[in-house]
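*Asks:* Supplied in structure tokens, the structure appears directly below.
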There are 2 protein chains.
Amino acid sequence: MTRPAREKAFAMITVKDVAKAAGVSIATVSRVARNEDIVKPTMREHVRRVIKELNYQPNALARQMRAQSTRTVVIIVPDIGNTFFHEILVGIQTCAEENGYQTLIANMDNKQDIENRYFNALLQRQMDGVISLSANAARNLMERIAKRYPIVIACQYLDNKRIPNITIDNLGAAKYVTEYLIGLGHRRIAHLTSDPEKLLYRDRLAGYKAALSEHGIGLDRKIIRGDKPSFEGGFRQMNELLRLTKSVTAVFAAGDTMAIGAIKALQKAGKRVPGDVSVAGFDDIEFSSIFEPSLTTIRQPKYSIGYSAMGKLIKLMNGRKLDMSQEILDFELIVRDSCGARKR
Amino acid sequence: MTRPAREKAFAMITVKDVAKAAGVSIATVSRVARNEDIVKPTMREHVRRVIKELNYQPNALARQMRAQSTRTVVIIVPDIGNTFFHEILVGIQTCAEENGYQTLIANMDNKQDIENRYFNALLQRQMDGVISLSANAARNLMERIAKRYPIVIACQYLDNKRIPNITIDNLGAAKYVTEYLIGLGHRRIAHLTSDPEKLLYRDRLAGYKAALSEHGIGLDRKIIRGDKPSFEGGFRQMNELLRLTKSVTAVFAAGDTMAIGAIKALQKAGKRVPGDVSVAGFDDIEFSSIFEPSLTTIRQPKYSIGYSAMGKLIKLMNGRKLDMSQEILDFELIVRDSCGARKR
DNA sequence: TTGTATGCGTTATCAA
DNA sequence: TTGATAACGCATACAA
């Protein structure tokens with residue numbers, strides 16, 4: 001006789017136990033448990049009663065093992081503390097629920113290897129698919145996996161357009177908000193960015209540059225700064241900018257948390273926002289409307305991004321092909337107080 | 001021949017395939033895959049090469065089925081958008097990682113039934129244990145489960161002290177912060193609370209009352225208000241308070257988001273904080289230090305709560321008993337600007 | 001040191 | 001309509 005290495009703390013009721021107690025075969029128990037309609041009503045009732053009596057719960061592990069499918073999808077989130085991801089998760093989970101899938105959230109918390117680890121769960125059939133809100137894993141690994149397994153990238157993305165992904169037009173949005181600042185009369189506009197490894201930030205930077213160039217404004221590399229995409233990062237970057245002799249009149253941050261950090265730095269230095277300096281952000285996190293001054297920013301259709309990503313993934317898991325591997329959703333400029341042009 | 005209902009999109013390499021290719025038994029393959037040291041080095045090398053060649057990945061489902069253990073713990077989070085939970089999650093995950101456990105986050109997003117659903121995963125052996133940051137599930141269900149399965153409740157808790165839980169002394173903390181306000185000279189202090197079903201809020205309310213009573217301040221039920229524990233909830237409650245003829249000089253909110261909402265309402269009404277009204281919160285969420293004015297609040301040792309909760313759960317999963325089913329950690333009053341007494 | 005054979009709990013095929 | 005039984009992929013007791 002074989003037995004597990006570790007004693008289970010608690011006994012488990014199986015089909016066998018139910019079958020014995022009910023005086024039927026395990027096949028019948030299984031059929032009743034799954035509501036198969038070929039079972040005779042009287043029999044069904046009888047078995048149901050026993051199931052209830054013994055409080056039988058089918059072992060999900062065994063089921064999944066049989067089906068070679070967990071109907072579970074893992075969502076890789078770079079940083080769960082970042083509220084930007086919240087609504088995306090809701091979108092994903094809504095779509096998953098509608099289609100009978102379970103979602104589980106893997107928090108990377110900025111640890112790079114977690115992403116790889118969960119790809120492994122995919123390879124080991126522990127998960128049926130992956131939605132990654134990060135594109136940090138080794139690029140070639142990700143490409144290799146995407147070729148054979150269901151995976152969708154949302155928000156972030158790679159140069160390789162064949163990996164299914166869904167995002168907004170970051171370049172276009174960045175250009176749009178920069179042009180908005182130009183339209184308000186600003187000519188000396190700083191840009192706060194982050195990790196240039198991430199296409200996301202490269203695109204936003206490119207949009208910023210495109211807007212300046214199209215309006216005949218020269219590029220000044222000194223007012224383009226990079227740091228962590230956090231409150232502290234924005235705070236630091238702004239302090240650097242404040243040291244420059246030729247000061248800026250506006251700031252476009254590639255993320256709301258950075259923008260808020262920048263505003264705090266400005267306020268600490270005695271500058272008024274938007275009186276002395278206008279600040280625009282990107283993402284429209286929850287706090288941006290609460291913060292004082294409320295932040296003018298780019299809103300991404302977060303719920304739709306999540307919902308649509310899950311929809312794509314379900315298609316892939318069902319073995320179907322996607323019409324387009326890349327989907328680009330619309331953004332929206334939310335005008336609030338931080339640029340001095342309140343819409344009413 | 002039997003086969004799964006749904007075709008797997010992609011073929012899977014199993015021990016059998018490796019065994020055949022390497023000309024050995026599946027037992028040997030299994031041993032090499034798990035780095036058992038009884039395998040002869042030359043053999044090990046040989047099998048390893050084949051494993052690599054075929055890119056064999058052990059099927060986690062089968063392993064778990066065999067072991068009757070997933071080494072996975074589910075964390076039930078009421079609302080992942082609430083940053084209060086972030087650091088707790090980090091604490092949990094750190095401890096889990098140190099002990100070879102995987103964590104998965106189940107976002108309730110305020111939907112009550114999710115908690116029940118994940119308890120089900122426990123019953124079905126899909127999870128080895130549960131940490132719930134919510135205590136919303138039907139009380140009797142939870143008590144029944146806790147009797148037989150590894151579960152720990154953190155932050156929230158039930159009257160039933162036998163269900164393992166870890167928390168701060170909410171009553172004591174609420175009393176402490178109320179006394180702090182009294183010490184600043186306030187006599188008319190409002191309290192913003194939420195769902196009285198939750199012991200958490202009942203305790204904080206009780207602490208508030210205790211402080212008033214001990215200092216001979218009469219209770220005025222009109223300045224105790226309840227609403228959703230959100231920004232909007234706090235905003236609404238404060239607006240109600242502003243309508244009273246006999247205005248308050250201080251507000252103690254049973255949560256930081258409510259406190260911030262209240263401050264916004266005050267500012268909108270032309271009141272200065274802390275000039276005209278002092279506001280204290282509870283939880284010390286990330287934003288409380290960034291908000292203007294920065295919030296005086298109670299800090300819970302979030303990381304420790306998470307780490308310790310996971311530690312308790314591991315004990316339970318190993319079949320051991322806990323010395324104390326309830327653990328109470330220290331809180332800390334963080335004095336910032338919102339009550340007008342900046343500590344330097 | 002390696003191989004054979006069994007069981008984990010379920011579902012599904014086939015026979016009764 | 002029900003029952004016996006063979007898989008799913010892995011890990012291990014036991015035999016060789």
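Ordered as shown in the structure tokens, chains take letters A, B, and onward, while each chain numbers its residues from 1 and ligands are numbered from 1 in the order shown.
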Residues of chain C within 9 Å of chain A, using only C-alpha atoms (C1' of nucleotides), as a VMD selection string?
*Replies:* chain C and resid 6 to 11
*Asks:* Would you save the residues from that selection as a PDB file, in the first residue's frame, using C-alpha atoms (C1' of nucleotides)?
*Replies:*
ATOM      1  C1'  DT C   6      -0.225   0.292  -7.250  1.00  0.00           C
ATOM      2  C1'  DG C   7      -3.052   4.072  -5.747  1.00  0.00           C
ATOM      3  C1'  DC C   8      -4.340   9.162  -5.361  1.00  0.00           C
ATOM      4  C1'  DG C   9     -10.118  10.616  -6.737  1.00  0.00           C
ATOM      5  C1'  DT C  10     -12.256  11.518 -10.588  1.00  0.00           C
ATOM      6  C1'  DT C  11     -14.677  10.824 -15.130  1.00  0.00           C
TER       7       DT C  11
END
*Asks:* Once you count only C-alpha atoms (C1' of nucleotides), what closest atom pair and distance in Å to one decimal does each residue of chain D within 7 Å of chain B have, with rows by chain and rising residue number, as CSV?
*Replies:*
residue,atom,partner,partner_atom,distance
D:DA7,C1',B:Thr2,CA,5.8
D:DG9,C1',B:Ala62,CA,5.1
D:DC10,C1',B:Arg63,CA,5.4
D:DA11,C1',B:Arg66,CA,6.9
*Asks:* Give the strand (DSSP E or B) residues of stretch 84-304 of chain B, as assigned by DSSP on the backbone, as a PyMOL selection string.
*Replies:* chain B and resi 102-107+129-132+151-154+165-168+189-193+224-226+250-253+278-280+283+296-299
*Asks:* Please identify every residue of chain B that has at least one atom no farther than 9 Å from an atom of chain A, counting only C-alpha atoms, and for each give the shortest atom pair and the distance in Å to one decimal, arranged by chain then increasing number, as a Markdown table.
*Replies:*
| residue | atom | partner | partner_atom | distance |
| --- | --- | --- | --- | --- |
| B:Arg3 | CA | A:Ala67 | CA | 8.6 |
| B:Pro4 | CA | A:Ala67 | CA | 5.4 |
| B:Ala5 | CA | A:Ala67 | CA | 6.9 |
| B:Arg6 | CA | A:Ala67 | CA | 7.4 |
| B:Lys8 | CA | A:Gln68 | CA | 7.6 |
| B:Ala9 | CA | A:Gly319 | CA | 5.8 |
| B:Phe10 | CA | A:Arg148 | CA | 7.2 |
| B:Met12 | CA | A:Arg125 | CA | 8.9 |
| B:Gln57 | CA | A:Gln124 | CA | 5.8 |
| B:Pro58 | CA | A:Gln124 | CA | 6.0 |
| B:Asn59 | CA | A:Gln124 | CA | 4.7 |
| B:Ala60 | CA | A:Gln124 | CA | 5.4 |
| B:Leu61 | CA | A:Met65 | CA | 5.7 |
| B:Ala62 | CA | A:Met65 | CA | 6.1 |
| B:Gln64 | CA | A:Leu61 | CA | 7.3 |
| B:Met65 | CA | A:Leu61 | CA | 5.8 |
| B:Arg66 | CA | A:Pro4 | CA | 7.0 |
| B:Ala67 | CA | A:Pro4 | CA | 5.5 |
| B:Gln68 | CA | A:Pro4 | CA | 7.3 |
| B:Ser69 | CA | A:Lys8 | CA | 8.4 |
| B:Thr70 | CA | A:Leu61 | CA | 8.7 |
| B:Asp79 | CA | A:His86 | CA | 8.9 |
| B:Ile80 | CA | A:His86 | CA | 6.6 |
| B:Gly81 | CA | A:His86 | CA | 5.2 |
| B:Asn82 | CA | A:Thr83 | CA | 7.7 |
| B:Thr83 | CA | A:Gly81 | CA | 5.5 |
| B:Phe84 | CA | A:Gly81 | CA | 8.6 |
| B:Phe85 | CA | A:Gly81 | CA | 8.1 |
| B:His86 | CA | A:Gly81 | CA | 5.3 |
| B:Glu87 | CA | A:Gly81 | CA | 8.1 |
| B:Leu89 | CA | A:Asn107 | CA | 8.9 |
| B:Val90 | CA | A:Asp109 | CA | 7.9 |
| B:Thr103 | CA | A:Ala106 | CA | 7.8 |
| B:Leu104 | CA | A:Leu104 | CA | 5.9 |
| B:Ile105 | CA | A:Ile105 | CA | 5.1 |
| B:Ala106 | CA | A:Leu104 | CA | 6.2 |
| B:Asn107 | CA | A:Ile105 | CA | 8.1 |
| B:Asp109 | CA | A:Val90 | CA | 7.8 |
| B:Asn120 | CA | A:Gln57 | CA | 8.4 |
| B:Ala121 | CA | A:Ala60 | CA | 7.6 |
| B:Leu123 | CA | A:Gln57 | CA | 6.6 |
| B:Gln124 | CA | A:Asn59 | CA | 4.6 |
| B:Arg125 | CA | A:Asn59 | CA | 6.1 |
| B:Gln126 | CA | A:Leu61 | CA | 5.8 |
| B:Arg148 | CA | A:Phe10 | CA | 7.0 |
| B:Tyr149 | CA | A:Phe10 | CA | 7.5 |
| B:Phe231 | CA | A:Ile290 | CA | 8.6 |
| B:Ile260 | CA | A:Ile290 | CA | 8.6 |
| B:Gly261 | CA | A:Ile290 | CA | 8.3 |
| B:Lys264 | CA | A:Ile290 | CA | 8.0 |
| B:Phe287 | CA | A:Phe287 | CA | 8.2 |
| B:Ile290 | CA | A:Lys264 | CA | 8.0 |
| B:Phe291 | CA | A:Phe291 | CA | 6.7 |
| B:Glu292 | CA | A:Glu292 | CA | 7.2 |
| B:Leu316 | CA | A:Ala9 | CA | 8.9 |
| B:Met317 | CA | A:Ala9 | CA | 7.3 |
| B:Asn318 | CA | A:Ala9 | CA | 7.4 |
| B:Gly319 | CA | A:Ala9 | CA | 5.5 |
*Asks:* For C:DA15, work out the shell of residues within 12 Å, counting only C-alpha atoms (C1' of nucleotides) and skipping chain neighbours fewer than 5 positions away, then give it as a list in words.
*Replies:* DT2, DG3, DA4 and DT5 of chain D
*Asks:* Keeping only N, CA and C atoms (P, O5', C5', C4', C3', O3' and C1' of nucleotides), write those residues as an mmCIF file, in the first residue's frame.
*Replies:*
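Below you can see selection_33.cif, which holds the result:
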data_model
loop_
_atom_site.group_PDB
_atom_site.id
_atom_site.type_symbol
_atom_site.label_atom_id
_atom_site.label_comp_id
_atom_site.auth_asym_id
_atom_site.auth_seq_id
_atom_site.Cartn_x
_atom_site.Cartn_y
_atom_site.Cartn_z
ATOM 1 P P DT D 2 -30.586 4.402 -12.013
ATOM 2 O "O5'" DT D 2 -29.420 3.371 -12.209
ATOM 3 C "C5'" DT D 2 -29.416 2.165 -11.479
ATOM 4 C "C4'" DT D 2 -28.217 1.351 -11.899
ATOM 5 C "C3'" DT D 2 -26.926 1.677 -11.171
ATOM 6 O "O3'" DT D 2 -26.719 0.678 -10.189
ATOM 7 C "C1'" DT D 2 -26.587 1.168 -13.486
ATOM 8 P P DG D 3 -25.448 0.805 -9.250
ATOM 9 O "O5'" DG D 3 -24.386 -0.055 -10.084
ATOM 10 C "C5'" DG D 3 -24.748 -1.352 -10.506
ATOM 11 C "C4'" DG D 3 -23.548 -2.033 -11.129
ATOM 12 C "C3'" DG D 3 -22.238 -1.825 -10.366
ATOM 13 O "O3'" DG D 3 -21.518 -3.050 -10.384
ATOM 14 C "C1'" DG D 3 -21.994 -1.027 -12.592
ATOM 15 P P DA D 4 -20.265 -3.258 -9.469
ATOM 16 O "O5'" DA D 4 -19.139 -3.473 -10.577
ATOM 17 C "C5'" DA D 4 -19.282 -4.525 -11.516
ATOM 18 C "C4'" DA D 4 -18.170 -4.448 -12.549
ATOM 19 C "C3'" DA D 4 -16.749 -4.342 -11.968
ATOM 20 O "O3'" DA D 4 -15.900 -5.162 -12.770
ATOM 21 C "C1'" DA D 4 -17.176 -2.491 -13.370
ATOM 22 P P DT D 5 -14.339 -5.253 -12.491
ATOM 23 O "O5'" DT D 5 -13.776 -4.060 -13.380
ATOM 24 C "C5'" DT D 5 -14.024 -4.072 -14.772
ATOM 25 C "C4'" DT D 5 -13.266 -2.934 -15.433
ATOM 26 C "C3'" DT D 5 -11.862 -2.680 -14.861
ATOM 27 O "O3'" DT D 5 -11.018 -2.359 -15.934
ATOM 28 C "C1'" DT D 5 -13.061 -0.703 -14.839
#
*Asks:* Using only C-alpha atoms (C1' of nucleotides), which protein or nucleic acid residues come within 12 Å of A:Ile166? Drop anything in the same chain fewer than 6 positions from it, and give the result as a ChimeraX atom specification.
*Replies:* /A:88,131-134,151-158,300-313,324-330
*Asks:* Please save N, CA and C atoms of the selected residues as an mmCIF file, in the first residue's frame.
*Replies:*
data_model
loop_
_atom_site.group_PDB
_atom_site.id
_atom_site.type_symbol
_atom_site.label_atom_id
_atom_site.label_comp_id
_atom_site.auth_asym_id
_atom_site.auth_seq_id
_atom_site.Cartn_x
_atom_site.Cartn_y
_atom_site.Cartn_z
ATOM 1 N N ILE A 88 -8.824 47.196 -13.842
ATOM 2 C CA ILE A 88 -8.491 46.198 -14.867
ATOM 3 C C ILE A 88 -8.825 44.805 -14.335
ATOM 4 N N ILE A 131 -2.788 36.063 -18.067
ATOM 5 C CA ILE A 131 -2.847 37.453 -18.490
ATOM 6 C C ILE A 131 -1.758 38.182 -17.723
ATOM 7 N N SER A 132 -0.860 38.774 -18.442
ATOM 8 C CA SER A 132 0.215 39.481 -17.772
ATOM 9 C C SER A 132 0.037 40.982 -17.926
ATOM 10 N N LEU A 133 0.015 41.673 -16.801
ATOM 11 C CA LEU A 133 -0.062 43.128 -16.845
ATOM 12 C C LEU A 133 1.345 43.708 -16.808
ATOM 13 N N SER A 134 2.294 42.838 -17.058
ATOM 14 C CA SER A 134 3.693 43.247 -17.053
ATOM 15 C C SER A 134 4.359 42.587 -18.249
ATOM 16 N N ILE A 151 -1.707 33.116 -23.802
ATOM 17 C CA ILE A 151 -1.229 34.230 -22.992
ATOM 18 C C ILE A 151 -1.583 35.542 -23.667
ATOM 19 N N VAL A 152 -2.008 36.482 -22.858
ATOM 20 C CA VAL A 152 -2.342 37.814 -23.355
ATOM 21 C C VAL A 152 -1.642 38.834 -22.471
ATOM 22 N N ILE A 153 -1.089 39.827 -23.085
ATOM 23 C CA ILE A 153 -0.462 40.905 -22.323
ATOM 24 C C ILE A 153 -1.376 42.122 -22.386
ATOM 25 N N ALA A 154 -1.597 42.739 -21.237
ATOM 26 C CA ALA A 154 -2.440 43.932 -21.219
ATOM 27 C C ALA A 154 -1.656 45.106 -20.650
ATOM 28 N N CYS A 155 -1.961 46.285 -21.135
ATOM 29 C CA CYS A 155 -1.338 47.528 -20.693
ATOM 30 C C CYS A 155 0.095 47.652 -21.181
ATOM 31 N N GLN A 156 0.893 46.690 -20.826
ATOM 32 C CA GLN A 156 2.249 46.730 -21.340
ATOM 33 C C GLN A 156 2.309 45.856 -22.579
ATOM 34 N N TYR A 157 3.428 45.888 -23.238
ATOM 35 C CA TYR A 157 3.522 45.124 -24.478
ATOM 36 C C TYR A 157 4.974 45.096 -24.928
ATOM 37 N N LEU A 158 5.193 44.309 -25.957
ATOM 38 C CA LEU A 158 6.547 44.167 -26.476
ATOM 39 C C LEU A 158 6.581 44.658 -27.913
ATOM 40 N N GLN A 300 -7.278 55.741 -19.078
ATOM 41 C CA GLN A 300 -7.330 54.549 -19.909
ATOM 42 C C GLN A 300 -8.630 53.821 -19.587
ATOM 43 N N PRO A 301 -9.245 53.173 -20.558
ATOM 44 C CA PRO A 301 -10.479 52.431 -20.306
ATOM 45 C C PRO A 301 -10.132 51.124 -19.610
ATOM 46 N N LYS A 302 -9.853 51.246 -18.330
ATOM 47 C CA LYS A 302 -9.270 50.125 -17.595
ATOM 48 C C LYS A 302 -10.175 48.901 -17.585
ATOM 49 N N TYR A 303 -11.422 49.126 -17.266
ATOM 50 C CA TYR A 303 -12.347 47.995 -17.208
ATOM 51 C C TYR A 303 -12.386 47.262 -18.558
ATOM 52 N N SER A 304 -12.501 48.032 -19.628
ATOM 53 C CA SER A 304 -12.565 47.430 -20.965
ATOM 54 C C SER A 304 -11.287 46.683 -21.307
ATOM 55 N N ILE A 305 -10.162 47.257 -20.906
ATOM 56 C CA ILE A 305 -8.892 46.575 -21.172
ATOM 57 C C ILE A 305 -8.919 45.197 -20.532
ATOM 58 N N GLY A 306 -9.335 45.158 -19.263
ATOM 59 C CA GLY A 306 -9.372 43.878 -18.562
ATOM 60 C C GLY A 306 -10.371 42.917 -19.179
ATOM 61 N N TYR A 307 -11.563 43.418 -19.436
ATOM 62 C CA TYR A 307 -12.613 42.560 -19.973
ATOM 63 C C TYR A 307 -12.204 41.984 -21.327
ATOM 64 N N SER A 308 -11.664 42.839 -22.144
ATOM 65 C CA SER A 308 -11.289 42.409 -23.487
ATOM 66 C C SER A 308 -10.097 41.451 -23.460
ATOM 67 N N ALA A 309 -9.177 41.679 -22.540
ATOM 68 C CA ALA A 309 -8.017 40.785 -22.430
ATOM 69 C C ALA A 309 -8.476 39.380 -22.082
ATOM 70 N N MET A 310 -9.401 39.297 -21.148
ATOM 71 C CA MET A 310 -9.902 37.979 -20.761
ATOM 72 C C MET A 310 -10.647 37.339 -21.927
ATOM 73 N N GLY A 311 -11.386 38.133 -22.651
ATOM 74 C CA GLY A 311 -12.097 37.603 -23.813
ATOM 75 C C GLY A 311 -11.144 37.000 -24.824
ATOM 76 N N LYS A 312 -10.074 37.701 -25.098
ATOM 77 C CA LYS A 312 -9.063 37.181 -26.020
ATOM 78 C C LYS A 312 -8.481 35.871 -25.491
ATOM 79 N N LEU A 313 -8.190 35.879 -24.207
ATOM 80 C CA LEU A 313 -7.560 34.694 -23.624
ATOM 81 C C LEU A 313 -8.471 33.479 -23.738
ATOM 82 N N MET A 324 -6.964 39.847 -34.710
ATOM 83 C CA MET A 324 -5.820 40.738 -34.606
ATOM 84 C C MET A 324 -5.134 40.416 -33.293
ATOM 85 N N SER A 325 -3.821 40.321 -33.329
ATOM 86 C CA SER A 325 -3.152 39.994 -32.074
ATOM 87 C C SER A 325 -3.016 41.249 -31.219
ATOM 88 N N GLN A 326 -3.107 42.410 -31.839
ATOM 89 C CA GLN A 326 -3.014 43.630 -31.036
ATOM 90 C C GLN A 326 -4.311 44.429 -31.139
ATOM 91 N N GLU A 327 -4.802 44.864 -29.977
ATOM 92 C CA GLU A 327 -5.997 45.688 -29.978
ATOM 93 C C GLU A 327 -5.680 46.997 -29.273
ATOM 94 N N ILE A 328 -6.095 48.088 -29.883
ATOM 95 C CA ILE A 328 -5.787 49.395 -29.304
ATOM 96 C C ILE A 328 -7.086 50.112 -28.965
ATOM 97 N N LEU A 329 -7.239 50.455 -27.693
ATOM 98 C CA LEU A 329 -8.473 51.100 -27.237
ATOM 99 C C LEU A 329 -8.291 52.610 -27.123
ATOM 100 N N ASP A 330 -9.410 53.295 -27.066
ATOM 101 C CA ASP A 330 -9.361 54.755 -26.992
ATOM 102 C C ASP A 330 -8.983 55.260 -25.605
#
*Asks:* May I have all residues of stretch 178-263 of chain B that DSSP, computed from the backbone, assigns to alpha helix (DSSP H), given as a PDB file with C-alpha atoms, in the first residue's frame?
*Replies:*
ATOM      1  CA  THR B 178      -9.820  59.944  20.944  1.00  0.00           C
ATOM      2  CA  GLU B 179      -7.938  60.761  24.118  1.00  0.00           C
ATOM      3  CA  TYR B 180      -5.291  62.407  22.000  1.00  0.00           C
ATOM      4  CA  LEU B 181      -7.953  64.700  20.576  1.00  0.00           C
ATOM      5  CA  ILE B 182      -9.327  65.366  24.039  1.00  0.00           C
ATOM      6  CA  GLY B 183      -5.799  66.166  25.153  1.00  0.00           C
ATOM      7  CA  LEU B 199     -16.871  43.900  15.024  1.00  0.00           C
ATOM      8  CA  LEU B 200     -14.048  46.103  13.826  1.00  0.00           C
ATOM      9  CA  TYR B 201     -16.243  49.165  13.713  1.00  0.00           C
ATOM     10  CA  ARG B 202     -18.108  48.271  16.849  1.00  0.00           C
ATOM     11  CA  ASP B 203     -14.801  48.081  18.700  1.00  0.00           C
ATOM     12  CA  ARG B 204     -13.574  51.399  17.380  1.00  0.00           C
ATOM     13  CA  LEU B 205     -16.855  52.985  18.307  1.00  0.00           C
ATOM     14  CA  ALA B 206     -16.619  51.459  21.771  1.00  0.00           C
ATOM     15  CA  GLY B 207     -13.113  52.888  22.183  1.00  0.00           C
ATOM     16  CA  TYR B 208     -14.366  56.310  21.208  1.00  0.00           C
ATOM     17  CA  LYS B 209     -17.191  56.084  23.711  1.00  0.00           C
ATOM     18  CA  ALA B 210     -14.903  54.840  26.470  1.00  0.00           C
ATOM     19  CA  ALA B 211     -12.563  57.788  26.023  1.00  0.00           C
ATOM     20  CA  LEU B 212     -15.390  60.307  26.162  1.00  0.00           C
ATOM     21  CA  SER B 213     -16.950  58.693  29.173  1.00  0.00           C
ATOM     22  CA  GLU B 214     -13.705  58.490  31.102  1.00  0.00           C
ATOM     23  CA  PHE B 231     -13.908  58.475   0.372  1.00  0.00           C
ATOM     24  CA  GLU B 232     -17.465  59.211  -0.698  1.00  0.00           C
ATOM     25  CA  GLY B 233     -18.821  57.833   2.551  1.00  0.00           C
ATOM     26  CA  GLY B 234     -16.638  60.158   4.588  1.00  0.00           C
ATOM     27  CA  PHE B 235     -17.558  63.064   2.352  1.00  0.00           C
ATOM     28  CA  ARG B 236     -21.268  62.450   2.855  1.00  0.00           C
ATOM     29  CA  GLN B 237     -20.994  61.974   6.596  1.00  0.00           C
ATOM     30  CA  MET B 238     -19.064  65.200   7.031  1.00  0.00           C
ATOM     31  CA  ASN B 239     -21.612  67.139   5.009  1.00  0.00           C
ATOM     32  CA  GLU B 240     -24.312  65.851   7.328  1.00  0.00           C
ATOM     33  CA  LEU B 241     -22.291  66.987  10.319  1.00  0.00           C
ATOM     34  CA  LEU B 242     -21.829  70.418   8.801  1.00  0.00           C
ATOM     35  CA  ARG B 243     -25.570  70.872   8.793  1.00  0.00           C
ATOM     36  CA  ASP B 256      -8.326  56.872   6.573  1.00  0.00           C
ATOM     37  CA  THR B 257     -10.338  56.967   3.373  1.00  0.00           C
ATOM     38  CA  MET B 258     -13.344  58.251   5.302  1.00  0.00           C
ATOM     39  CA  ALA B 259     -11.109  60.763   7.055  1.00  0.00           C
ATOM     40  CA  ILE B 260      -9.804  62.088   3.768  1.00  0.00           C
ATOM     41  CA  GLY B 261     -13.326  62.323   2.389  1.00  0.00           C
ATOM     42  CA  ALA B 262     -14.320  64.275   5.480  1.00  0.00           C
ATOM     43  CA  ILE B 263     -11.423  66.685   5.081  1.00  0.00           C
TER      44      ILE B 263
END
*Asks:* For each of A:Leu333, A:Ile224, A:Ile38, A:Leu219, take the minimum atom-to-atom distance to D:DT1, counting only C-alpha atoms (C1' of nucleotides), then give the residue where this is smallest.
*Replies:*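 Among the listed residues, the smallest separation from D:DT1 belongs to A:Ile38.
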*Asks:* Find the distance between atom CA of A:Thr249 and atom CA of A:Leu192 and write it in Å to one decimal.
*Replies:* 13.7 Å
*Asks:* Name the residues in contact with B:Ser338 at a cut-off of 8 Å, using only C-alpha atoms (C1' of nucleotides), excluding same-chain residues fewer than 5 positions from it; report them as an NGL selection string.
*Replies:* :B and (273-274 or 278-280 or 293-296)
*Asks:* Print the selection's residues with C-alpha atoms to a file, as an mmCIF file, in the first residue's frame.
*Replies:*
data_model
loop_
_atom_site.group_PDB
_atom_site.id
_atom_site.type_symbol
_atom_site.label_atom_id
_atom_site.label_comp_id
_atom_site.auth_asym_id
_atom_site.auth_seq_id
_atom_site.Cartn_x
_atom_site.Cartn_y
_atom_site.Cartn_z
ATOM 1 C CA VAL B 273 -8.089 71.600 8.666
ATOM 2 C CA PRO B 274 -6.712 71.630 11.276
ATOM 3 C CA SER B 278 -9.111 68.577 13.555
ATOM 4 C CA VAL B 279 -9.434 65.211 11.795
ATOM 5 C CA ALA B 280 -7.877 61.904 12.795
ATOM 6 C CA PRO B 293 -2.940 68.116 5.213
ATOM 7 C CA SER B 294 -1.143 64.911 6.031
ATOM 8 C CA LEU B 295 -3.256 62.722 8.234
ATOM 9 C CA THR B 296 -2.842 61.953 11.917
#
*Asks:* Could you tell me how far atom CA of B:Leu184 lies from atom CA of B:Pro229, in Å and to one decimal?
*Replies:*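 Separating atom CA of B:Leu184 from atom CA of B:Pro229 is a distance of 25.9 Å.
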*Asks:* If we count only C-alpha atoms (C1' of nucleotides), what is near B:Leu141 at a cut-off of 12 Å, once residues fewer than 3 positions away on the same chain are taken out, given as an mmCIF file with C-alpha atoms, in the first residue's frame?
*Replies:*
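result-v3.cif written:
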data_model
loop_
_atom_site.group_PDB
_atom_site.id
_atom_site.type_symbol
_atom_site.label_atom_id
_atom_site.label_comp_id
_atom_site.auth_asym_id
_atom_site.auth_seq_id
_atom_site.Cartn_x
_atom_site.Cartn_y
_atom_site.Cartn_z
ATOM 1 C CA GLU B 115 -15.524 34.258 0.346
ATOM 2 C CA ASN B 116 -17.793 31.238 0.475
ATOM 3 C CA ARG B 117 -16.591 30.094 -2.896
ATOM 4 C CA PHE B 119 -13.849 28.185 1.344
ATOM 5 C CA ASN B 120 -15.150 25.620 -1.056
ATOM 6 C CA LEU B 123 -12.992 21.788 1.183
ATOM 7 C CA ALA B 135 -14.964 38.159 8.204
ATOM 8 C CA ASN B 136 -18.050 38.576 6.117
ATOM 9 C CA ALA B 137 -18.905 34.994 5.311
ATOM 10 C CA ALA B 138 -21.756 33.473 7.207
ATOM 11 C CA ARG B 144 -17.655 25.118 11.068
ATOM 12 C CA ILE B 145 -14.774 25.363 8.653
ATOM 13 C CA ALA B 146 -12.318 26.636 11.198
ATOM 14 C CA LYS B 147 -13.024 23.613 13.331
ATOM 15 C CA ARG B 148 -11.673 21.216 10.736
ATOM 16 C CA TYR B 149 -9.536 23.156 8.302
ATOM 17 C CA ILE B 163 -11.178 31.092 15.367
#
